[in-house]
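The structure under discussion appears below in the form of structure tokens.
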Amino acid sequence: MGCFLSTSKDTVGNRRRPGNIGDVSVYVPGLRIPKPVDFSQSLGDNLSKNLVERLSALRTRIVVMAAQEGPTVSRTRRKSATQHGGSTLADLHQALEDYLPVLMGLVKDGNHLQHKVQFVWINQEDEAEETAISNAWYEVLSVLHLMATLSLSQANLLLLPRTSADGYQPKVSEESRRASIDIFLKAAGYLDCAVRHVLPQLSSELRRDLPVDLAEGVLRALCLQALGQCNDIQLGMAIDSTKATLAVKRRLACEMVKYWQQAQDNIMNLPLTNGWGEKHRLFIKWKYVEAKAAAYYYHGLILDEGNTEKFHGMAVAALQAADEYFKESKKAGEAFNAAPPLSRNPPLWGTMKYLSEKIPKDTASKVRINRDLYSHEKIMETAPTLPDFALALKPDEFQLPPVDPSWNMENMNRVQTTSNQLKGDRR
């Protein structure tokens with residue numbers, strides 16, 4: 001079923017972590033790094049030399065590039081960023097895409113070679129420093145997780161405000177925001193595929209042995225995070241649009257609450273106590289509280305359009321809730337940034353820049369006006385329930401690639417060799 005080995009963090013020192021990762025718009029989990037594998041020793045008696053060498057070359061390229069990027073991928077590196085994120089990240093992503101179709105040959109149709117190779121990866125969120133499993137589906141899962149991580153890192157680079165040509169406050173261009181939406185949906189697609197199509201290939205015993213980095217709850221939380229941050233970009237664009245109504249903005253904000261709530265539900269009971277894991281949990285908590293501030297703000301504005309004391313009282317309660325959640329979000333953001341590895345907020349932009357100005361001002365104004373008009377008893381002490389909207393965003397559909405044609409040649413050669421042997425035996 002696949003041999004499993006987990007190495008304690010006290011025995012080796014492969015995990016290298018930055019002390020400070022700079023500006024963070026998007027949480028990027030620590031990069032899981034593959035360790036070298038000797039395919040010739042495991043597969044040399046079963047596959048042709050050409051195919052073994054191809055597998056080795058493709059994976060070695062990833063090992064080398066990931067080892068170079070691993071300690072720094074989450075850091076802010078504006079100089080290496082291209083208009084699509086970062087050139088080195090794109091090269092590593094391409095290397096993974098090149099490797100995956102060849103790797104799929106080890107798992108296709110229950111290939112007997114599936115358990116021949118022990119794949120080893122260095123973890124980041126798990127207490128165990130590295131996990132080795134003799135199952136090629138573990139390798140496929142690790143590759144998809146790394147592809148998603150690189151995509152999130154690419155999105156982070158795009159969403160760090162840059163000084164504009166006009167010299168005013170740093171901002172994120174509309175082009176970068178639109179590009180980040182595509183990247184978030186792709187990242188969600190890799191993670192959704194991992195949960196729906198790869199995890200089921202592993203036995204329940206092996207799934208329990210997976211590092212927490214690859215636990216179903218973490219994969220689902222990262223997928224929901226990608227959708228939640230995509231939703232946040234959409235809300236920011238709606239705020240900038242003169243055509244977007246309050247109802248549209250409220251719906252987007254309420255959907256954002258649901259994405260982050262579901263992300264928190266998935267990660268809540270997992271043992272994320274180690275470095276990156278704790279930071280991951282704090283990021284989700286921060287963004288969940290931020291989303292609630294936005295949702296209650298727009299809900300309050302719509303309720304205030306009502307013509308009765310009851311609606312105005314509910315509006316004040318909603319706006320007060322928005323103000324409280326906004327204050328709480330600032331504390332949650334500070335807790336996230338203070339957790340190792342240290343980080344900091346980039347200059348405010350988009351949704352939170354707008355709301356940081358509007359929530360305190362509008363709340364104070366509405367509370368004063370309504371308390372002048374109505375007695376205190378008419379104002380609710382608890383916030384009204386947020387409306388429940390169906391979630392609109394879905395991950396991009398990512399399908400595992402077909403097996404590389406080199407495996408067809410391998411099978412043809414094996415059939416030919418068997419045929420020649422049979423002819424020789426008859427003679």
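In the structure tokens, the first chain shown is A, the next is B, and so on; residue numbers restart at 1 for each chain, and ligands run from 1 in the order shown.
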Report as a PyMOL selection string all protein, DNA and RNA residues lying within 9 Å of Phe389 (chain A), evaluated on only C-alpha atoms, omitting residues in the same chain fewer than 4 positions from it. chain A and resi 251-252+254-255+258
Using backbone DSSP assignments, extract all helix (DSSP H, G or I) residues from region 72-250 of chain A; output them as a PyMOL selection string. chain A and resi 78-80+87-106+108-110+112-115+136-158+174-201+204-209+212-214+216-240+246-250
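The space between CA of Ala226 (chain A) and CA of Leu185 (chain A) spans 6.8 Å.
Counting only C-alpha atoms, the residue from A:Thr163, A:Gln114, A:Asn345, A:Thr149 that sits nearest to Glu69 (chain A) is A:Thr149.
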Near Asp126 (chain A), within 9 Å and counting only C-alpha atoms, which residues show up once chain neighbours fewer than 3 positions away are dropped, as an mmCIF file with N, CA, C and O atoms, in the first residue's frame?
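The file below, around.cif, is the result:
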```cif
data_model
loop_
_atom_site.group_PDB
_atom_site.id
_atom_site.type_symbol
_atom_site.label_atom_id
_atom_site.label_comp_id
_atom_site.auth_asym_id
_atom_site.auth_seq_id
_atom_site.Cartn_x
_atom_site.Cartn_y
_atom_site.Cartn_z
ATOM 1 N N ASN A 123 8.635 19.092 4.615
ATOM 2 C CA ASN A 123 7.400 19.779 4.991
ATOM 3 C C ASN A 123 7.686 21.175 5.536
ATOM 4 O O ASN A 123 8.821 21.515 5.860
ATOM 5 N N GLU A 129 9.762 16.986 9.978
ATOM 6 C CA GLU A 129 10.505 17.790 9.007
ATOM 7 C C GLU A 129 10.312 17.301 7.586
ATOM 8 O O GLU A 129 10.188 18.085 6.659
ATOM 9 N N GLU A 130 10.290 15.999 7.406
ATOM 10 C CA GLU A 130 10.088 15.472 6.058
ATOM 11 C C GLU A 130 9.245 14.212 6.113
ATOM 12 O O GLU A 130 9.157 13.535 7.142
ATOM 13 N N PRO A 211 1.582 14.501 5.823
ATOM 14 C CA PRO A 211 1.891 15.668 6.655
ATOM 15 C C PRO A 211 0.709 16.627 6.649
ATOM 16 O O PRO A 211 -0.109 16.617 5.726
ATOM 17 N N VAL A 212 0.608 17.454 7.686
ATOM 18 C CA VAL A 212 -0.531 18.364 7.785
ATOM 19 C C VAL A 212 -0.566 19.335 6.609
ATOM 20 O O VAL A 212 -1.631 19.821 6.218
ATOM 21 N N ASP A 213 0.596 19.584 5.977
ATOM 22 C CA ASP A 213 0.644 20.426 4.781
ATOM 23 C C ASP A 213 -0.323 19.925 3.708
ATOM 24 O O ASP A 213 -0.873 20.713 2.925
ATOM 25 N N PRO A 271 -3.625 20.206 13.616
ATOM 26 C CA PRO A 271 -2.481 20.546 14.482
ATOM 27 C C PRO A 271 -1.504 21.499 13.817
ATOM 28 O O PRO A 271 -0.345 21.168 13.571
ATOM 29 N N LEU A 272 -1.969 22.705 13.518
ATOM 30 C CA LEU A 272 -1.120 23.707 12.865
ATOM 31 C C LEU A 272 -0.457 24.573 13.939
ATOM 32 O O LEU A 272 -0.823 25.717 14.156
ATOM 33 N N THR A 273 0.521 24.008 14.587
ATOM 34 C CA THR A 273 1.158 24.729 15.695
ATOM 35 C C THR A 273 2.603 25.085 15.387
ATOM 36 O O THR A 273 3.290 25.648 16.216
ATOM 37 N N ASN A 274 3.057 24.753 14.199
ATOM 38 C CA ASN A 274 4.477 24.851 13.911
ATOM 39 C C ASN A 274 4.776 25.925 12.862
ATOM 40 O O ASN A 274 4.557 25.722 11.688
ATOM 41 N N GLY A 275 5.256 27.083 13.288
ATOM 42 C CA GLY A 275 5.725 28.098 12.344
ATOM 43 C C GLY A 275 4.691 28.506 11.317
ATOM 44 O O GLY A 275 3.714 29.193 11.626
ATOM 45 N N TRP A 276 4.890 28.059 10.079
ATOM 46 C CA TRP A 276 4.004 28.421 8.979
ATOM 47 C C TRP A 276 2.558 28.056 9.285
ATOM 48 O O TRP A 276 1.631 28.772 8.894
ATOM 49 N N GLY A 277 2.361 26.931 9.953
ATOM 50 C CA GLY A 277 0.997 26.473 10.223
ATOM 51 C C GLY A 277 0.218 27.450 11.081
ATOM 52 O O GLY A 277 -0.932 27.777 10.801
#
```
In Å, with one decimal, what is the gap from CA of Leu146 (chain A) to CA of Thr351 (chain A)?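 Result for CA of Leu146 (chain A) versus CA of Thr351 (chain A): 28.8 Å, one decimal.
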Close residues, region 171-176 of chain A itself excluded, 9 Å, only C-alpha atoms, min 4 positions apart in chain, as JSON, numbers by chain: {"A": [83, 84, 155, 158, 159, 160, 161, 162, 163, 164, 180, 181, 237, 347, 348, 349, 350]}
Selected residues written out, N, CA, C and O atoms, as a PDB file, in the first residue's frame:
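Once everything was written out, this is part-v3.pdb:
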```pdb
ATOM      1  N   GLN A  83       5.384  41.098 -15.263  1.00  0.00           N
ATOM      2  CA  GLN A  83       3.977  41.516 -15.240  1.00  0.00           C
ATOM      3  C   GLN A  83       3.068  40.358 -14.866  1.00  0.00           C
ATOM      4  O   GLN A  83       1.926  40.546 -14.485  1.00  0.00           O
ATOM      5  N   HIS A  84       3.547  39.138 -14.943  1.00  0.00           N
ATOM      6  CA  HIS A  84       2.728  37.980 -14.574  1.00  0.00           C
ATOM      7  C   HIS A  84       3.169  37.360 -13.258  1.00  0.00           C
ATOM      8  O   HIS A  84       2.833  36.233 -12.959  1.00  0.00           O
ATOM      9  N   ALA A 155       0.463  35.533  -7.236  1.00  0.00           N
ATOM     10  CA  ALA A 155      -0.614  36.487  -6.960  1.00  0.00           C
ATOM     11  C   ALA A 155      -0.164  37.527  -5.927  1.00  0.00           C
ATOM     12  O   ALA A 155      -0.496  38.714  -6.046  1.00  0.00           O
ATOM     13  N   LEU A 158       1.783  40.202  -7.592  1.00  0.00           N
ATOM     14  CA  LEU A 158       0.926  41.086  -8.396  1.00  0.00           C
ATOM     15  C   LEU A 158       0.154  42.078  -7.534  1.00  0.00           C
ATOM     16  O   LEU A 158      -0.146  43.190  -7.977  1.00  0.00           O
ATOM     17  N   LEU A 159      -0.172  41.675  -6.300  1.00  0.00           N
ATOM     18  CA  LEU A 159      -1.063  42.479  -5.460  1.00  0.00           C
ATOM     19  C   LEU A 159      -0.319  43.324  -4.423  1.00  0.00           C
ATOM     20  O   LEU A 159      -0.923  43.808  -3.469  1.00  0.00           O
ATOM     21  N   LEU A 160       0.972  43.504  -4.615  1.00  0.00           N
ATOM     22  CA  LEU A 160       1.711  44.436  -3.759  1.00  0.00           C
ATOM     23  C   LEU A 160       1.704  45.802  -4.425  1.00  0.00           C
ATOM     24  O   LEU A 160       2.122  45.941  -5.582  1.00  0.00           O
ATOM     25  N   PRO A 161       1.185  46.816  -3.731  1.00  0.00           N
ATOM     26  CA  PRO A 161       1.055  48.148  -4.345  1.00  0.00           C
ATOM     27  C   PRO A 161       2.400  48.696  -4.813  1.00  0.00           C
ATOM     28  O   PRO A 161       3.433  48.508  -4.168  1.00  0.00           O
ATOM     29  N   ARG A 162       2.369  49.356  -5.957  1.00  0.00           N
ATOM     30  CA  ARG A 162       3.556  49.987  -6.513  1.00  0.00           C
ATOM     31  C   ARG A 162       3.298  51.472  -6.710  1.00  0.00           C
ATOM     32  O   ARG A 162       2.171  51.873  -6.970  1.00  0.00           O
ATOM     33  N   THR A 163       4.352  52.246  -6.588  1.00  0.00           N
ATOM     34  CA  THR A 163       4.215  53.686  -6.783  1.00  0.00           C
ATOM     35  C   THR A 163       3.762  53.951  -8.208  1.00  0.00           C
ATOM     36  O   THR A 163       4.366  53.468  -9.168  1.00  0.00           O
ATOM     37  N   SER A 164       2.714  54.725  -8.351  1.00  0.00           N
ATOM     38  CA  SER A 164       2.147  54.979  -9.679  1.00  0.00           C
ATOM     39  C   SER A 164       2.964  56.041 -10.416  1.00  0.00           C
ATOM     40  O   SER A 164       3.746  56.789  -9.817  1.00  0.00           O
ATOM     41  N   SER A 180      -4.553  38.622 -11.290  1.00  0.00           N
ATOM     42  CA  SER A 180      -4.542  37.864 -10.037  1.00  0.00           C
ATOM     43  C   SER A 180      -5.803  37.008  -9.895  1.00  0.00           C
ATOM     44  O   SER A 180      -5.751  35.913  -9.328  1.00  0.00           O
ATOM     45  N   ILE A 181      -6.933  37.497 -10.399  1.00  0.00           N
ATOM     46  CA  ILE A 181      -8.169  36.713 -10.343  1.00  0.00           C
ATOM     47  C   ILE A 181      -7.984  35.394 -11.089  1.00  0.00           C
ATOM     48  O   ILE A 181      -8.336  34.315 -10.596  1.00  0.00           O
ATOM     49  N   MET A 237     -13.022  46.078  -7.020  1.00  0.00           N
ATOM     50  CA  MET A 237     -13.322  46.607  -8.358  1.00  0.00           C
ATOM     51  C   MET A 237     -14.742  47.156  -8.407  1.00  0.00           C
ATOM     52  O   MET A 237     -15.015  48.155  -9.087  1.00  0.00           O
ATOM     53  N   PRO A 347       1.099  48.945   1.907  1.00  0.00           N
ATOM     54  CA  PRO A 347       0.203  50.113   1.997  1.00  0.00           C
ATOM     55  C   PRO A 347      -1.230  49.709   1.651  1.00  0.00           C
ATOM     56  O   PRO A 347      -1.460  48.896   0.744  1.00  0.00           O
ATOM     57  N   LEU A 348      -2.199  50.242   2.391  1.00  0.00           N
ATOM     58  CA  LEU A 348      -3.602  49.885   2.152  1.00  0.00           C
ATOM     59  C   LEU A 348      -4.023  50.234   0.735  1.00  0.00           C
ATOM     60  O   LEU A 348      -3.620  51.261   0.181  1.00  0.00           O
ATOM     61  N   TRP A 349      -4.834  49.359   0.148  1.00  0.00           N
ATOM     62  CA  TRP A 349      -5.361  49.588  -1.192  1.00  0.00           C
ATOM     63  C   TRP A 349      -6.661  48.794  -1.314  1.00  0.00           C
ATOM     64  O   TRP A 349      -6.993  47.979  -0.471  1.00  0.00           O
ATOM     65  N   GLY A 350      -7.393  49.047  -2.368  1.00  0.00           N
ATOM     66  CA  GLY A 350      -8.592  48.252  -2.656  1.00  0.00           C
ATOM     67  C   GLY A 350      -9.656  48.345  -1.584  1.00  0.00           C
ATOM     68  O   GLY A 350      -9.903  49.405  -1.006  1.00  0.00           O
TER      69      GLY A 350
END
```
Contacts of region 288-298 of chain A within 8 Å, only C-alpha atoms, excl. fewer than 5 positions in-chain, as a ChimeraX atom specification: /A:246-247,249-251,253-254,256-257,260-261,264,318-319,321-326,328-329,332,355,359,386
So, counting only C-alpha atoms, which residue among A:Arg344, A:His299, A:His112, A:Lys243 is closest to Phe283 (chain A)? A:Arg344
Give me the residues within 9 Å of region 107-111 of chain A as an mmCIF file with N, CA, C and O atoms, in the first residue's frame, counting only C-alpha atoms and dropping any in the same chain fewer than 3 places off.
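Done, and the output landed in around_10.cif:
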```cif
data_model
loop_
_atom_site.group_PDB
_atom_site.id
_atom_site.type_symbol
_atom_site.label_atom_id
_atom_site.label_comp_id
_atom_site.auth_asym_id
_atom_site.auth_seq_id
_atom_site.Cartn_x
_atom_site.Cartn_y
_atom_site.Cartn_z
ATOM 1 N N LEU A 103 5.178 11.604 -14.895
ATOM 2 C CA LEU A 103 4.903 10.991 -13.595
ATOM 3 C C LEU A 103 3.606 10.182 -13.635
ATOM 4 O O LEU A 103 3.510 9.129 -12.993
ATOM 5 N N MET A 104 2.615 10.647 -14.383
ATOM 6 C CA MET A 104 1.311 9.971 -14.421
ATOM 7 C C MET A 104 1.418 8.536 -14.928
ATOM 8 O O MET A 104 0.563 7.695 -14.628
ATOM 9 N N GLN A 114 3.713 1.720 -9.143
ATOM 10 C CA GLN A 114 3.220 2.824 -8.311
ATOM 11 C C GLN A 114 3.902 2.882 -6.941
ATOM 12 O O GLN A 114 4.120 3.961 -6.397
ATOM 13 N N HIS A 115 4.269 1.717 -6.390
ATOM 14 C CA HIS A 115 4.836 1.669 -5.039
ATOM 15 C C HIS A 115 6.340 1.394 -5.037
ATOM 16 O O HIS A 115 6.915 1.139 -3.978
ATOM 17 N N ASN A 135 4.636 5.797 -2.760
ATOM 18 C CA ASN A 135 3.388 5.790 -3.529
ATOM 19 C C ASN A 135 3.429 6.990 -4.471
ATOM 20 O O ASN A 135 3.562 8.136 -4.037
ATOM 21 N N ALA A 136 3.317 6.707 -5.774
ATOM 22 C CA ALA A 136 3.438 7.785 -6.762
ATOM 23 C C ALA A 136 2.286 8.783 -6.667
ATOM 24 O O ALA A 136 2.429 9.934 -7.102
ATOM 25 N N TRP A 137 1.140 8.367 -6.090
ATOM 26 C CA TRP A 137 0.045 9.329 -5.910
ATOM 27 C C TRP A 137 0.426 10.407 -4.885
ATOM 28 O O TRP A 137 -0.030 11.545 -4.974
ATOM 29 N N VAL A 403 -1.225 10.568 -19.794
ATOM 30 C CA VAL A 403 0.129 10.032 -19.651
ATOM 31 C C VAL A 403 0.978 10.423 -20.860
ATOM 32 O O VAL A 403 0.513 10.404 -22.006
#
```
Who sits within 9 Å of Arg220 (chain A), only C-alpha atoms, same chain under 3 positions skipped, as a count of residues only: 14
Pairwise distance for CA of Leu47 (chain A) and CA of Asp98 (chain A), rounded to one decimal in Å: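 A separation of 19.3 Å between them.
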For Thr131 (chain A), the nearest of the candidates A:Thr385, A:Arg32, A:Ala67, A:Leu400, counting only C-alpha atoms: A:Arg32
